[in-house]
>>> print(open('final22.txt').read())   # compact mmCIF, C-alpha atoms (C1' of nucleotides)
# COMPACT_ATOMS: atom_id res chain seq x y z
CA MET A 5 -26.42 -6.85 -60.28
CA GLN A 6 -24.49 -4.86 -57.76
CA GLU A 7 -26.26 -3.39 -54.78
CA ASP A 8 -24.02 -0.59 -53.59
CA LEU A 9 -25.78 2.12 -55.55
CA PHE A 10 -28.65 1.78 -53.19
CA GLY A 11 -30.69 4.65 -51.80
CA GLU A 12 -28.56 7.37 -53.31
CA CYS A 13 -29.36 10.60 -55.00
CA PRO A 14 -30.26 10.01 -58.65
CA TYR A 15 -27.33 12.11 -59.78
CA VAL A 16 -24.85 10.12 -57.76
CA THR A 17 -26.23 6.95 -59.25
CA ALA A 18 -26.16 8.37 -62.75
CA GLN A 19 -22.62 9.61 -62.36
CA LYS A 20 -21.43 6.21 -61.22
CA LEU A 21 -23.06 4.50 -64.16
CA LEU A 22 -21.61 6.91 -66.67
CA THR A 23 -18.05 7.02 -65.36
CA GLY A 24 -16.90 4.50 -67.91
CA LYS A 25 -15.08 6.23 -70.72
CA TRP A 26 -17.19 4.49 -73.35
CA THR A 27 -20.55 3.89 -71.73
CA LEU A 28 -22.29 6.71 -73.53
CA LEU A 29 -20.98 5.65 -76.92
CA ILE A 30 -22.04 2.06 -76.43
CA MET A 31 -25.48 3.08 -75.24
CA HIS A 32 -25.82 5.26 -78.29
CA HIS A 33 -25.00 2.48 -80.71
CA LEU A 34 -27.22 -0.05 -78.99
CA SER A 35 -30.10 2.41 -78.78
CA THR A 36 -30.91 1.84 -82.42
CA ASN A 37 -29.86 -1.76 -83.00
CA THR A 38 -29.00 -4.98 -81.33
CA MET A 39 -25.37 -5.51 -82.18
CA ARG A 40 -22.83 -8.29 -82.15
CA PHE A 41 -19.48 -7.96 -80.45
CA ASN A 42 -17.71 -7.44 -83.73
CA GLU A 43 -20.11 -4.82 -84.93
CA LEU A 44 -19.53 -2.83 -81.80
CA GLN A 45 -15.81 -3.11 -82.29
CA ARG A 46 -16.05 -1.77 -85.79
CA ALA A 47 -18.30 1.03 -84.66
CA LEU A 48 -15.80 1.99 -81.96
CA PRO A 49 -12.37 1.49 -83.47
CA ASP A 50 -10.56 3.39 -80.71
CA LEU A 51 -11.30 0.73 -78.15
CA THR A 52 -9.60 -2.63 -77.82
CA GLN A 53 -11.31 -5.98 -77.32
CA THR A 54 -10.18 -6.13 -73.73
CA THR A 55 -11.64 -2.79 -72.90
CA LEU A 56 -14.82 -3.38 -74.82
CA THR A 57 -15.33 -6.66 -73.02
CA LYS A 58 -14.86 -5.04 -69.64
CA GLN A 59 -17.22 -2.21 -70.46
CA LEU A 60 -19.90 -4.59 -71.68
CA ARG A 61 -19.55 -6.72 -68.56
CA MET A 62 -19.93 -3.68 -66.35
CA MET A 63 -22.98 -2.50 -68.19
CA GLU A 64 -24.46 -5.94 -68.06
CA ASP A 65 -23.87 -6.07 -64.31
CA ASN A 66 -25.51 -2.69 -63.98
CA GLY A 67 -28.57 -3.99 -65.76
CA MET A 68 -28.30 -1.53 -68.63
CA ILE A 69 -27.72 -4.03 -71.39
CA ILE A 70 -28.53 -7.66 -72.08
CA ARG A 71 -26.08 -10.23 -73.38
CA THR A 72 -27.42 -13.09 -75.44
CA ALA A 73 -25.02 -15.90 -76.33
CA TYR A 74 -25.87 -18.50 -78.94
CA ASN A 75 -24.25 -21.87 -78.38
CA GLN A 76 -22.85 -22.48 -81.80
CA ILE A 77 -19.65 -22.59 -83.77
CA PRO A 78 -18.56 -19.98 -84.62
CA PRO A 79 -19.83 -18.22 -81.49
CA LYS A 80 -22.41 -15.49 -81.77
CA VAL A 81 -23.15 -12.99 -79.03
CA GLU A 82 -25.61 -10.17 -79.26
CA TYR A 83 -25.94 -7.12 -77.10
CA SER A 84 -29.10 -5.10 -76.69
CA LEU A 85 -30.58 -2.57 -74.32
CA SER A 86 -32.51 -3.79 -71.32
CA GLU A 87 -35.79 -2.23 -70.29
CA LEU A 88 -33.85 0.23 -68.16
CA GLY A 89 -31.50 0.83 -71.02
CA HIS A 90 -34.32 1.82 -73.31
CA HIS A 91 -35.52 4.33 -70.77
CA PHE A 92 -32.12 5.93 -71.00
CA LYS A 93 -32.89 7.19 -74.48
CA PRO A 94 -34.21 10.60 -73.40
CA VAL A 95 -30.87 11.23 -71.75
CA LEU A 96 -29.06 10.32 -74.94
CA GLU A 97 -31.21 12.64 -76.96
CA ALA A 98 -30.71 15.53 -74.57
CA LEU A 99 -26.98 14.88 -74.56
CA GLN A 100 -26.83 14.82 -78.32
CA VAL A 101 -28.54 18.16 -78.58
CA TRP A 102 -26.28 19.68 -76.00
CA GLY A 103 -23.12 18.11 -77.37
CA ALA A 104 -23.89 19.46 -80.81
CA GLU A 105 -24.48 22.91 -79.40
CA TYR A 106 -21.24 22.70 -77.49
CA ILE A 107 -19.32 21.84 -80.63
CA GLY A 108 -20.96 24.70 -82.47
CA TYR A 109 -19.97 27.03 -79.67
CA LEU A 110 -16.35 25.95 -79.90
CA LYS A 111 -16.32 26.51 -83.62
CA SER A 112 -17.70 30.01 -83.46
CA ASN A 113 -15.16 30.85 -80.77
CA LYS A 114 -12.37 29.54 -82.91
CA CYS A 115 -13.53 31.65 -85.83
CA ASP A 116 -13.63 34.70 -83.59
CA ASN A 117 -10.02 34.15 -82.73
CA LEU A 118 -8.82 34.08 -86.30
CA MET B 7 -11.05 27.06 -73.44
CA GLN B 8 -9.46 23.96 -74.82
CA GLU B 9 -9.76 23.19 -78.50
CA ASP B 10 -9.16 19.48 -78.77
CA LEU B 11 -12.83 18.53 -78.58
CA PHE B 12 -13.21 19.94 -82.01
CA GLY B 13 -15.31 18.40 -84.73
CA GLU B 14 -16.19 15.29 -82.81
CA CYS B 15 -19.34 13.33 -82.43
CA PRO B 16 -21.60 14.96 -79.83
CA TYR B 17 -21.44 11.85 -77.67
CA VAL B 18 -17.68 11.81 -77.60
CA THR B 19 -17.69 15.44 -76.61
CA ALA B 20 -20.31 14.87 -73.95
CA GLN B 21 -18.47 11.90 -72.54
CA LYS B 22 -15.27 13.89 -72.25
CA LEU B 23 -17.00 16.69 -70.46
CA LEU B 24 -18.68 14.37 -67.99
CA THR B 25 -15.67 12.24 -67.13
CA GLY B 26 -15.06 14.10 -63.92
CA LYS B 27 -16.38 12.16 -60.96
CA TRP B 28 -18.29 15.17 -59.65
CA THR B 29 -19.23 17.16 -62.73
CA LEU B 30 -22.85 16.09 -62.71
CA LEU B 31 -23.30 16.87 -59.03
CA ILE B 32 -21.79 20.32 -59.38
CA MET B 33 -23.90 21.07 -62.41
CA HIS B 34 -26.96 20.01 -60.50
CA HIS B 35 -26.25 22.31 -57.58
CA LEU B 36 -25.39 25.27 -59.77
CA SER B 37 -28.43 24.73 -61.94
CA THR B 38 -30.67 26.30 -59.30
CA ASN B 39 -28.36 28.82 -57.63
CA THR B 40 -25.20 30.75 -57.98
CA MET B 41 -23.02 29.40 -55.19
CA ARG B 42 -19.88 30.36 -53.34
CA PHE B 43 -16.97 28.00 -52.95
CA ASN B 44 -17.87 27.23 -49.38
CA GLU B 45 -21.49 26.54 -50.17
CA LEU B 46 -20.48 24.01 -52.77
CA GLN B 47 -18.19 22.38 -50.27
CA ARG B 48 -20.97 22.05 -47.76
CA ALA B 49 -23.33 20.72 -50.40
CA LEU B 50 -20.76 18.10 -51.41
CA PRO B 51 -19.11 16.95 -48.20
CA ASP B 52 -17.45 13.93 -49.79
CA LEU B 53 -15.12 16.05 -51.86
CA THR B 54 -12.06 17.88 -50.61
CA GLN B 55 -11.06 21.46 -51.40
CA THR B 56 -8.29 20.30 -53.66
CA THR B 57 -10.57 18.17 -55.73
CA LEU B 58 -13.36 20.72 -55.80
CA THR B 59 -10.94 23.38 -56.98
CA LYS B 60 -9.65 21.17 -59.77
CA GLN B 61 -13.13 20.22 -60.89
CA LEU B 62 -14.25 23.84 -60.95
CA ARG B 63 -11.18 24.86 -62.96
CA MET B 64 -11.85 22.14 -65.48
CA MET B 65 -15.45 23.10 -65.86
CA GLU B 66 -14.49 26.74 -66.18
CA ASP B 67 -11.98 25.86 -68.89
CA ASN B 68 -14.67 23.88 -70.66
CA GLY B 69 -16.95 26.90 -70.64
CA MET B 70 -19.64 25.22 -68.58
CA ILE B 71 -19.44 27.49 -65.56
CA ILE B 72 -18.42 31.04 -64.81
CA ARG B 73 -16.16 32.09 -61.98
CA THR B 74 -16.62 35.55 -60.53
CA ALA B 75 -14.04 36.74 -58.02
CA TYR B 76 -14.60 39.83 -55.89
CA ASN B 77 -11.44 41.65 -54.89
CA GLN B 78 -12.06 42.02 -51.21
CA ILE B 79 -11.02 40.77 -47.81
CA PRO B 80 -12.19 38.18 -47.00
CA PRO B 81 -12.24 36.84 -50.56
CA LYS B 82 -15.51 36.01 -52.22
CA VAL B 83 -15.87 33.85 -55.29
CA GLU B 84 -19.09 32.87 -56.93
CA TYR B 85 -19.76 30.11 -59.39
CA SER B 86 -22.65 30.04 -61.80
CA LEU B 87 -23.66 28.32 -64.98
CA SER B 88 -22.64 29.81 -68.28
CA GLU B 89 -25.03 30.08 -71.19
CA LEU B 90 -23.91 26.64 -72.31
CA GLY B 91 -24.27 25.38 -68.78
CA HIS B 92 -27.87 26.47 -68.62
CA HIS B 93 -28.61 24.58 -71.79
CA PHE B 94 -27.39 21.48 -70.02
CA LYS B 95 -30.47 21.46 -67.80
CA PRO B 96 -32.54 19.15 -70.01
CA VAL B 97 -29.82 16.55 -69.65
CA LEU B 98 -29.91 16.92 -65.89
CA GLU B 99 -33.65 16.51 -65.82
CA ALA B 100 -33.57 13.43 -68.01
CA LEU B 101 -30.81 11.98 -65.87
CA GLN B 102 -32.72 12.61 -62.69
CA VAL B 103 -35.76 10.81 -64.00
CA TRP B 104 -33.71 7.91 -65.16
CA GLY B 105 -31.56 7.74 -62.03
CA ALA B 106 -34.67 7.64 -59.89
CA GLU B 107 -36.11 4.86 -61.98
CA TYR B 108 -32.87 2.97 -61.74
CA ILE B 109 -32.89 3.21 -57.96
CA GLY B 110 -36.46 2.02 -57.88
CA TYR B 111 -35.53 -0.90 -60.04
CA LEU B 112 -32.73 -1.89 -57.70
CA LYS B 113 -35.05 -1.74 -54.73
CA SER B 114 -37.71 -3.93 -56.26
CA ASN B 115 -35.03 -6.43 -57.21
CA LYS B 116 -33.71 -6.47 -53.69
CA CYS B 117 -37.19 -7.14 -52.33
CA ASP B 118 -37.61 -9.99 -54.75
CA ASN B 119 -34.50 -11.58 -53.35
CA LEU B 120 -35.62 -11.46 -49.72
C1' DC C 26 -16.01 -15.11 -83.36
C1' DA C 27 -15.78 -13.64 -78.94
C1' DG C 28 -13.58 -13.72 -75.67
C1' DC C 29 -9.87 -14.45 -71.10
C1' DA C 30 -5.17 -13.79 -68.63
C1' DT C 31 -1.68 -11.04 -67.65
C1' DC C 32 0.95 -7.10 -67.11
C1' DC C 33 1.51 -2.19 -67.28
C1' DC C 34 0.71 2.59 -66.90
C1' DT C 35 -1.50 6.83 -66.69
C1' DC C 36 -4.37 9.98 -64.82
C1' DC C 37 -7.79 11.06 -61.45
C1' DC C 38 -8.59 11.78 -57.03
C1' DG C 39 -7.54 12.55 -52.18
C1' DA C 40 -4.78 13.74 -47.74
C1' DT C 41 -2.12 17.05 -45.77
C1' DA C 42 -0.07 21.34 -45.07
C1' DC C 43 0.55 26.15 -46.16
C1' DT C 44 -0.99 31.24 -47.97
C1' DG C 45 -2.90 36.18 -49.51
C1' DC D 20 -12.56 32.63 -47.41
C1' DA D 21 -10.71 30.52 -51.16
C1' DG D 22 -7.51 28.83 -52.59
C1' DT D 23 -2.13 26.52 -54.02
C1' DA D 24 1.76 22.98 -53.46
C1' DT D 25 3.19 18.56 -52.96
C1' DC D 26 2.92 13.79 -52.57
C1' DG D 27 0.94 9.45 -53.12
C1' DG D 28 -2.48 5.51 -54.02
C1' DG D 29 -5.63 3.10 -56.74
C1' DA D 30 -8.82 2.08 -60.29
C1' DG D 31 -9.75 2.29 -64.97
C1' DG D 32 -8.04 1.76 -69.33
C1' DG D 33 -4.77 -0.35 -72.72
C1' DA D 34 -1.27 -3.71 -75.18
C1' DT D 35 -0.18 -8.23 -76.05
C1' DG D 36 -0.78 -13.07 -76.47
C1' DC D 37 -3.59 -17.22 -76.08
C1' DT D 38 -8.19 -20.18 -76.45
C1' DG D 39 -12.80 -22.95 -77.17
>>> encode(input="final22.txt", output="structure tokens")
Amino acid sequence: MQEDLFGECPYVTAQKLLTGKWTLLIMHHLSTNTMRFNELQRALPDLTQTTLTKQLRMMEDNGMIIRTAYNQIPPKVEYSLSELGHHFKPVLEALQVWGAEYIGYLKSNKCDNL
Amino acid sequence: MQEDLFGECPYVTAQKLLTGKWTLLIMHHLSTNTMRFNELQRALPDLTQTTLTKQLRMMEDNGMIIRTAYNQIPPKVEYSLSELGHHFKPVLEALQVWGAEYIGYLKSNKCDNL
DNA sequence: CAGCATCCCTCCCGATACTG
DNA sequence: CAGTATCGGGAGGGATGCTG
């Protein structure tokens, strides 16, 4: 857990935690299920293993997700939301609503231009 | 208004729109007031004119904010939220709650380690 | 299966200086 | 006052190949 986000404005903190290009997507997928590494990869095909690994490490360090490794062959690793991660759900819901509205707005604009 | 965010998942869209390092902070400040360029600069001292200008242009292109220029000497330019921008407020509120909780969580952890 | 090591590269951001 | 022009650095993201 890093400590340099200390004592800041909530928005500064939030911005730092969401900078990652994929954070939101990962949070979204984990908000409904615990998922294995491979499942996440399939859910997010535009992102390579390397990048996914880095993102997951970051989010684990930030305390947003929990990594559970089972010592077995073949390996099995599961990712789930932490307590803090679960409390992030309202943000996800608000973002989904807004994102959908934004897309709708773009579409209507495009139609207007035809 | 760019068109390449078309037909995507709301989360992908949202992530793209929030990539900017300062987007959230600017949205927060504009959510309560219309502000002039200088006022924004003073409210966000860690960000240079160049960067602020670029961010504002991006957000204007995205349709999140509205730029109003008055043709006068000295120049006067005001920034405010667009319709879409106003609808972003629920996200801001959810983020504030969560950011505050996150900070509190960090603090309690730090105390545990002392 | 779930990574790590390495290298690379782009784009974001910032510093500085100048303008209508 | 509210910018633009130019240059540059660095971090985040990606491609490839290898491993327990």
>>> residues_around(input="final22.txt", residues="A:Val16", least_positions_apart="2", cutoff="9 Å", atoms="only C-alpha atoms (C1' of nucleotides)", output="NGL selection string")
(:A and (9 or 12-14 or 18-21)) or (:B and (28 or 30-31 or 105))
>>> interface_residues(input="final22.txt", of="chain C", to="chain A", cutoff="8 Å", atoms="only C-alpha atoms (C1' of nucleotides)", output="list in words")
DC26, DA27 and DG28 of chain C
>>> interface_residues(input="final22.txt", of="chain B", to="chain A", cutoff="10 Å", atoms="only C-alpha atoms", output="PDB file with C-alpha atoms, keeping the file's coordinate frame")
ATOM      1  CA  MET B   7     -11.050  27.060 -73.440  1.00  0.00           C
ATOM      2  CA  GLN B   8      -9.460  23.960 -74.820  1.00  0.00           C
ATOM      3  CA  GLU B   9      -9.760  23.190 -78.500  1.00  0.00           C
ATOM      4  CA  ASP B  10      -9.160  19.480 -78.770  1.00  0.00           C
ATOM      5  CA  LEU B  11     -12.830  18.530 -78.580  1.00  0.00           C
ATOM      6  CA  PHE B  12     -13.210  19.940 -82.010  1.00  0.00           C
ATOM      7  CA  GLY B  13     -15.310  18.400 -84.730  1.00  0.00           C
ATOM      8  CA  GLU B  14     -16.190  15.290 -82.810  1.00  0.00           C
ATOM      9  CA  CYS B  15     -19.340  13.330 -82.430  1.00  0.00           C
ATOM     10  CA  PRO B  16     -21.600  14.960 -79.830  1.00  0.00           C
ATOM     11  CA  TYR B  17     -21.440  11.850 -77.670  1.00  0.00           C
ATOM     12  CA  VAL B  18     -17.680  11.810 -77.600  1.00  0.00           C
ATOM     13  CA  THR B  19     -17.690  15.440 -76.610  1.00  0.00           C
ATOM     14  CA  ALA B  20     -20.310  14.870 -73.950  1.00  0.00           C
ATOM     15  CA  GLN B  21     -18.470  11.900 -72.540  1.00  0.00           C
ATOM     16  CA  LYS B  22     -15.270  13.890 -72.250  1.00  0.00           C
ATOM     17  CA  LEU B  23     -17.000  16.690 -70.460  1.00  0.00           C
ATOM     18  CA  LEU B  24     -18.680  14.370 -67.990  1.00  0.00           C
ATOM     19  CA  THR B  25     -15.670  12.240 -67.130  1.00  0.00           C
ATOM     20  CA  GLY B  26     -15.060  14.100 -63.920  1.00  0.00           C
ATOM     21  CA  LYS B  27     -16.380  12.160 -60.960  1.00  0.00           C
ATOM     22  CA  TRP B  28     -18.290  15.170 -59.650  1.00  0.00           C
ATOM     23  CA  THR B  29     -19.230  17.160 -62.730  1.00  0.00           C
ATOM     24  CA  LEU B  30     -22.850  16.090 -62.710  1.00  0.00           C
ATOM     25  CA  LEU B  31     -23.300  16.870 -59.030  1.00  0.00           C
ATOM     26  CA  ILE B  32     -21.790  20.320 -59.380  1.00  0.00           C
ATOM     27  CA  MET B  33     -23.900  21.070 -62.410  1.00  0.00           C
ATOM     28  CA  HIS B  34     -26.960  20.010 -60.500  1.00  0.00           C
ATOM     29  CA  ASN B  68     -14.670  23.880 -70.660  1.00  0.00           C
ATOM     30  CA  GLY B  69     -16.950  26.900 -70.640  1.00  0.00           C
ATOM     31  CA  MET B  70     -19.640  25.220 -68.580  1.00  0.00           C
ATOM     32  CA  LEU B  90     -23.910  26.640 -72.310  1.00  0.00           C
ATOM     33  CA  GLY B  91     -24.270  25.380 -68.780  1.00  0.00           C
ATOM     34  CA  HIS B  93     -28.610  24.580 -71.790  1.00  0.00           C
ATOM     35  CA  PHE B  94     -27.390  21.480 -70.020  1.00  0.00           C
ATOM     36  CA  LYS B  95     -30.470  21.460 -67.800  1.00  0.00           C
ATOM     37  CA  PRO B  96     -32.540  19.150 -70.010  1.00  0.00           C
ATOM     38  CA  VAL B  97     -29.820  16.550 -69.650  1.00  0.00           C
ATOM     39  CA  LEU B  98     -29.910  16.920 -65.890  1.00  0.00           C
ATOM     40  CA  GLU B  99     -33.650  16.510 -65.820  1.00  0.00           C
ATOM     41  CA  ALA B 100     -33.570  13.430 -68.010  1.00  0.00           C
ATOM     42  CA  LEU B 101     -30.810  11.980 -65.870  1.00  0.00           C
ATOM     43  CA  GLN B 102     -32.720  12.610 -62.690  1.00  0.00           C
ATOM     44  CA  VAL B 103     -35.760  10.810 -64.000  1.00  0.00           C
ATOM     45  CA  TRP B 104     -33.710   7.910 -65.160  1.00  0.00           C
ATOM     46  CA  GLY B 105     -31.560   7.740 -62.030  1.00  0.00           C
ATOM     47  CA  ALA B 106     -34.670   7.640 -59.890  1.00  0.00           C
ATOM     48  CA  GLU B 107     -36.110   4.860 -61.980  1.00  0.00           C
ATOM     49  CA  TYR B 108     -32.870   2.970 -61.740  1.00  0.00           C
ATOM     50  CA  ILE B 109     -32.890   3.210 -57.960  1.00  0.00           C
ATOM     51  CA  GLY B 110     -36.460   2.020 -57.880  1.00  0.00           C
ATOM     52  CA  TYR B 111     -35.530  -0.900 -60.040  1.00  0.00           C
ATOM     53  CA  LEU B 112     -32.730  -1.890 -57.700  1.00  0.00           C
ATOM     54  CA  LYS B 113     -35.050  -1.740 -54.730  1.00  0.00           C
ATOM     55  CA  ASN B 115     -35.030  -6.430 -57.210  1.00  0.00           C
ATOM     56  CA  LYS B 116     -33.710  -6.470 -53.690  1.00  0.00           C
TER      57      LYS B 116
END
>>> axis_aligned_box(input="final22.txt", around="stretch 13-27 of chain B", padding_each_side="4 Å", output="JSON")
{"center_x": -18.3, "center_y": 15.1, "center_z": -72.8, "size_x": 14.5, "size_y": 14.6, "size_z": 31.8}
>>> atom_distance(input="final22.txt", atom1="atom CA of B:Met64", atom2="atom CA of B:Asn39")
19.5 Å
>>> residues_near_point(input="final22.txt", point="(-15.4, 25.8, -53.4)", cutoff="10 Å", atoms="all atoms listed in the file", output="PyMOL selection string")
(chain B and resi 41-50+53-62+83-85) or (chain D and resi 20-22)
>>> write_last_selection(input="final22.txt", atoms="C-alpha atoms (C1' of nucleotides)", output="tab-separated table (two decimals), keeping the file's coordinate frame")
chain	number	residue	atom	x	y	z
B	41	MET	CA	-23.02	29.40	-55.19
B	42	ARG	CA	-19.88	30.36	-53.34
B	43	PHE	CA	-16.97	28.00	-52.95
B	44	ASN	CA	-17.87	27.23	-49.38
B	45	GLU	CA	-21.49	26.54	-50.17
B	46	LEU	CA	-20.48	24.01	-52.77
B	47	GLN	CA	-18.19	22.38	-50.27
B	48	ARG	CA	-20.97	22.05	-47.76
B	49	ALA	CA	-23.33	20.72	-50.40
B	50	LEU	CA	-20.76	18.10	-51.41
B	53	LEU	CA	-15.12	16.05	-51.86
B	54	THR	CA	-12.06	17.88	-50.61
B	55	GLN	CA	-11.06	21.46	-51.40
B	56	THR	CA	-8.29	20.30	-53.66
B	57	THR	CA	-10.57	18.17	-55.73
B	58	LEU	CA	-13.36	20.72	-55.80
B	59	THR	CA	-10.94	23.38	-56.98
B	60	LYS	CA	-9.65	21.17	-59.77
B	61	GLN	CA	-13.13	20.22	-60.89
B	62	LEU	CA	-14.25	23.84	-60.95
B	83	VAL	CA	-15.87	33.85	-55.29
B	84	GLU	CA	-19.09	32.87	-56.93
B	85	TYR	CA	-19.76	30.11	-59.39
D	20	DC	C1'	-12.56	32.63	-47.41
D	21	DA	C1'	-10.71	30.52	-51.16
D	22	DG	C1'	-7.51	28.83	-52.59
>>> closest_atom_pairs(input="final22.txt", of="chain D", to="chain A", cutoff="9 Å", atoms="only C-alpha atoms (C1' of nucleotides)", output="tab-separated table")
residue	atom	partner	partner_atom	distance
D:DG31	C1'	A:Gly24	CA	8.0
D:DG32	C1'	A:Thr55	CA	6.8
D:DG33	C1'	A:Thr55	CA	7.3
D:DA34	C1'	A:Thr52	CA	8.8
>>> atom_distance(input="final22.txt", atom1="atom C1' of C:DA40", atom2="atom CA of B:Met65")
23.0 Å
>>> atom_distance(input="final22.txt", atom1="atom CA of A:Ser84", atom2="atom C1' of D:DT35")
29.1 Å
>>> calpha_fit_and_write(input="final22.txt", fixed="chain A", moving="chain B", output="short mmCIF file (atom, residue, chain, number, x, y, z; two decimals) with C-alpha atoms, in the frame of the given file")
data_model
loop_
_atom_site.label_atom_id
_atom_site.label_comp_id
_atom_site.auth_asym_id
_atom_site.auth_seq_id
_atom_site.Cartn_x
_atom_site.Cartn_y
_atom_site.Cartn_z
CA MET B 7 -26.38 -6.77 -60.29
CA GLN B 8 -24.46 -4.81 -57.74
CA GLU B 9 -26.26 -3.37 -54.75
CA ASP B 10 -24.04 -0.57 -53.54
CA LEU B 11 -25.81 2.14 -55.53
CA PHE B 12 -28.68 1.78 -53.19
CA GLY B 13 -30.71 4.65 -51.83
CA GLU B 14 -28.57 7.35 -53.33
CA CYS B 15 -29.35 10.59 -55.01
CA PRO B 16 -30.26 9.99 -58.67
CA TYR B 17 -27.32 12.10 -59.79
CA VAL B 18 -24.83 10.11 -57.79
CA THR B 19 -26.23 6.94 -59.25
CA ALA B 20 -26.16 8.34 -62.76
CA GLN B 21 -22.62 9.57 -62.38
CA LYS B 22 -21.45 6.17 -61.22
CA LEU B 23 -23.08 4.46 -64.13
CA LEU B 24 -21.58 6.84 -66.65
CA THR B 25 -18.03 6.85 -65.33
CA GLY B 26 -16.87 4.42 -67.96
CA LYS B 27 -15.07 6.21 -70.76
CA TRP B 28 -17.19 4.51 -73.41
CA THR B 29 -20.54 3.90 -71.76
CA LEU B 30 -22.30 6.71 -73.56
CA LEU B 31 -20.99 5.66 -76.96
CA ILE B 32 -22.04 2.06 -76.46
CA MET B 33 -25.46 3.10 -75.27
CA HIS B 34 -25.83 5.27 -78.31
CA HIS B 35 -24.99 2.48 -80.73
CA LEU B 36 -27.21 -0.05 -78.99
CA SER B 37 -30.08 2.40 -78.78
CA THR B 38 -30.91 1.83 -82.44
CA ASN B 39 -29.85 -1.78 -83.00
CA THR B 40 -29.02 -5.00 -81.33
CA MET B 41 -25.37 -5.53 -82.18
CA ARG B 42 -22.84 -8.33 -82.15
CA PHE B 43 -19.49 -7.99 -80.46
CA ASN B 44 -17.71 -7.50 -83.73
CA GLU B 45 -20.11 -4.86 -84.94
CA LEU B 46 -19.54 -2.85 -81.81
CA GLN B 47 -15.82 -3.16 -82.32
CA ARG B 48 -16.07 -1.84 -85.83
CA ALA B 49 -18.33 0.98 -84.72
CA LEU B 50 -15.83 1.96 -82.02
CA PRO B 51 -12.40 1.47 -83.54
CA ASP B 52 -10.59 3.36 -80.80
CA LEU B 53 -11.34 0.73 -78.21
CA THR B 54 -9.65 -2.64 -77.89
CA GLN B 55 -11.34 -6.00 -77.33
CA THR B 56 -10.17 -6.12 -73.76
CA THR B 57 -11.65 -2.77 -72.93
CA LEU B 58 -14.84 -3.39 -74.86
CA THR B 59 -15.34 -6.67 -73.04
CA LYS B 60 -14.86 -5.04 -69.66
CA GLN B 61 -17.22 -2.20 -70.48
CA LEU B 62 -19.90 -4.59 -71.68
CA ARG B 63 -19.56 -6.72 -68.54
CA MET B 64 -19.92 -3.67 -66.36
CA MET B 65 -22.97 -2.48 -68.19
CA GLU B 66 -24.46 -5.95 -68.05
CA ASP B 67 -23.85 -6.08 -64.31
CA ASN B 68 -25.51 -2.70 -63.97
CA GLY B 69 -28.57 -3.99 -65.77
CA MET B 70 -28.29 -1.53 -68.63
CA ILE B 71 -27.72 -4.04 -71.40
CA ILE B 72 -28.53 -7.65 -72.09
CA ARG B 73 -26.08 -10.22 -73.36
CA THR B 74 -27.43 -13.10 -75.41
CA ALA B 75 -25.02 -15.90 -76.27
CA TYR B 76 -25.86 -18.53 -78.87
CA ASN B 77 -24.24 -21.90 -78.28
CA GLN B 78 -22.82 -22.52 -81.70
CA ILE B 79 -19.62 -22.63 -83.69
CA PRO B 80 -18.56 -20.01 -84.53
CA PRO B 81 -19.83 -18.25 -81.41
CA LYS B 82 -22.41 -15.53 -81.69
CA VAL B 83 -23.17 -13.01 -78.99
CA GLU B 84 -25.63 -10.19 -79.23
CA TYR B 85 -25.94 -7.12 -77.09
CA SER B 86 -29.09 -5.10 -76.68
CA LEU B 87 -30.57 -2.58 -74.33
CA SER B 88 -32.51 -3.78 -71.33
CA GLU B 89 -35.79 -2.22 -70.31
CA LEU B 90 -33.85 0.23 -68.16
CA GLY B 91 -31.48 0.84 -71.03
CA HIS B 92 -34.30 1.83 -73.32
CA HIS B 93 -35.50 4.35 -70.79
CA PHE B 94 -32.10 5.95 -71.02
CA LYS B 95 -32.86 7.22 -74.52
CA PRO B 96 -34.18 10.62 -73.43
CA VAL B 97 -30.84 11.26 -71.77
CA LEU B 98 -29.04 10.35 -74.96
CA GLU B 99 -31.20 12.67 -76.99
CA ALA B 100 -30.71 15.56 -74.61
CA LEU B 101 -26.99 14.91 -74.59
CA GLN B 102 -26.81 14.85 -78.35
CA VAL B 103 -28.54 18.19 -78.62
CA TRP B 104 -26.31 19.70 -76.03
CA GLY B 105 -23.11 18.15 -77.39
CA ALA B 106 -23.90 19.51 -80.82
CA GLU B 107 -24.49 22.95 -79.40
CA TYR B 108 -21.26 22.74 -77.49
CA ILE B 109 -19.34 21.89 -80.64
CA GLY B 110 -20.97 24.77 -82.44
CA TYR B 111 -19.99 27.07 -79.64
CA LEU B 112 -16.38 25.98 -79.85
CA LYS B 113 -16.33 26.58 -83.58
CA SER B 114 -17.72 30.07 -83.39
CA ASN B 115 -15.18 30.88 -80.70
CA LYS B 116 -12.38 29.60 -82.85
CA CYS B 117 -13.53 31.77 -85.75
CA ASP B 118 -13.61 34.77 -83.49
CA ASN B 119 -9.99 34.19 -82.65
CA LEU B 120 -8.79 34.05 -86.26
#
>>> residues_near_point(input="final22.txt", point="(1.7, 9.0, -59.3)", cutoff="9 Å", atoms="all atoms listed in the file", output="PyMOL selection string")
(chain C and resi 35-36) or (chain D and resi 26-28)
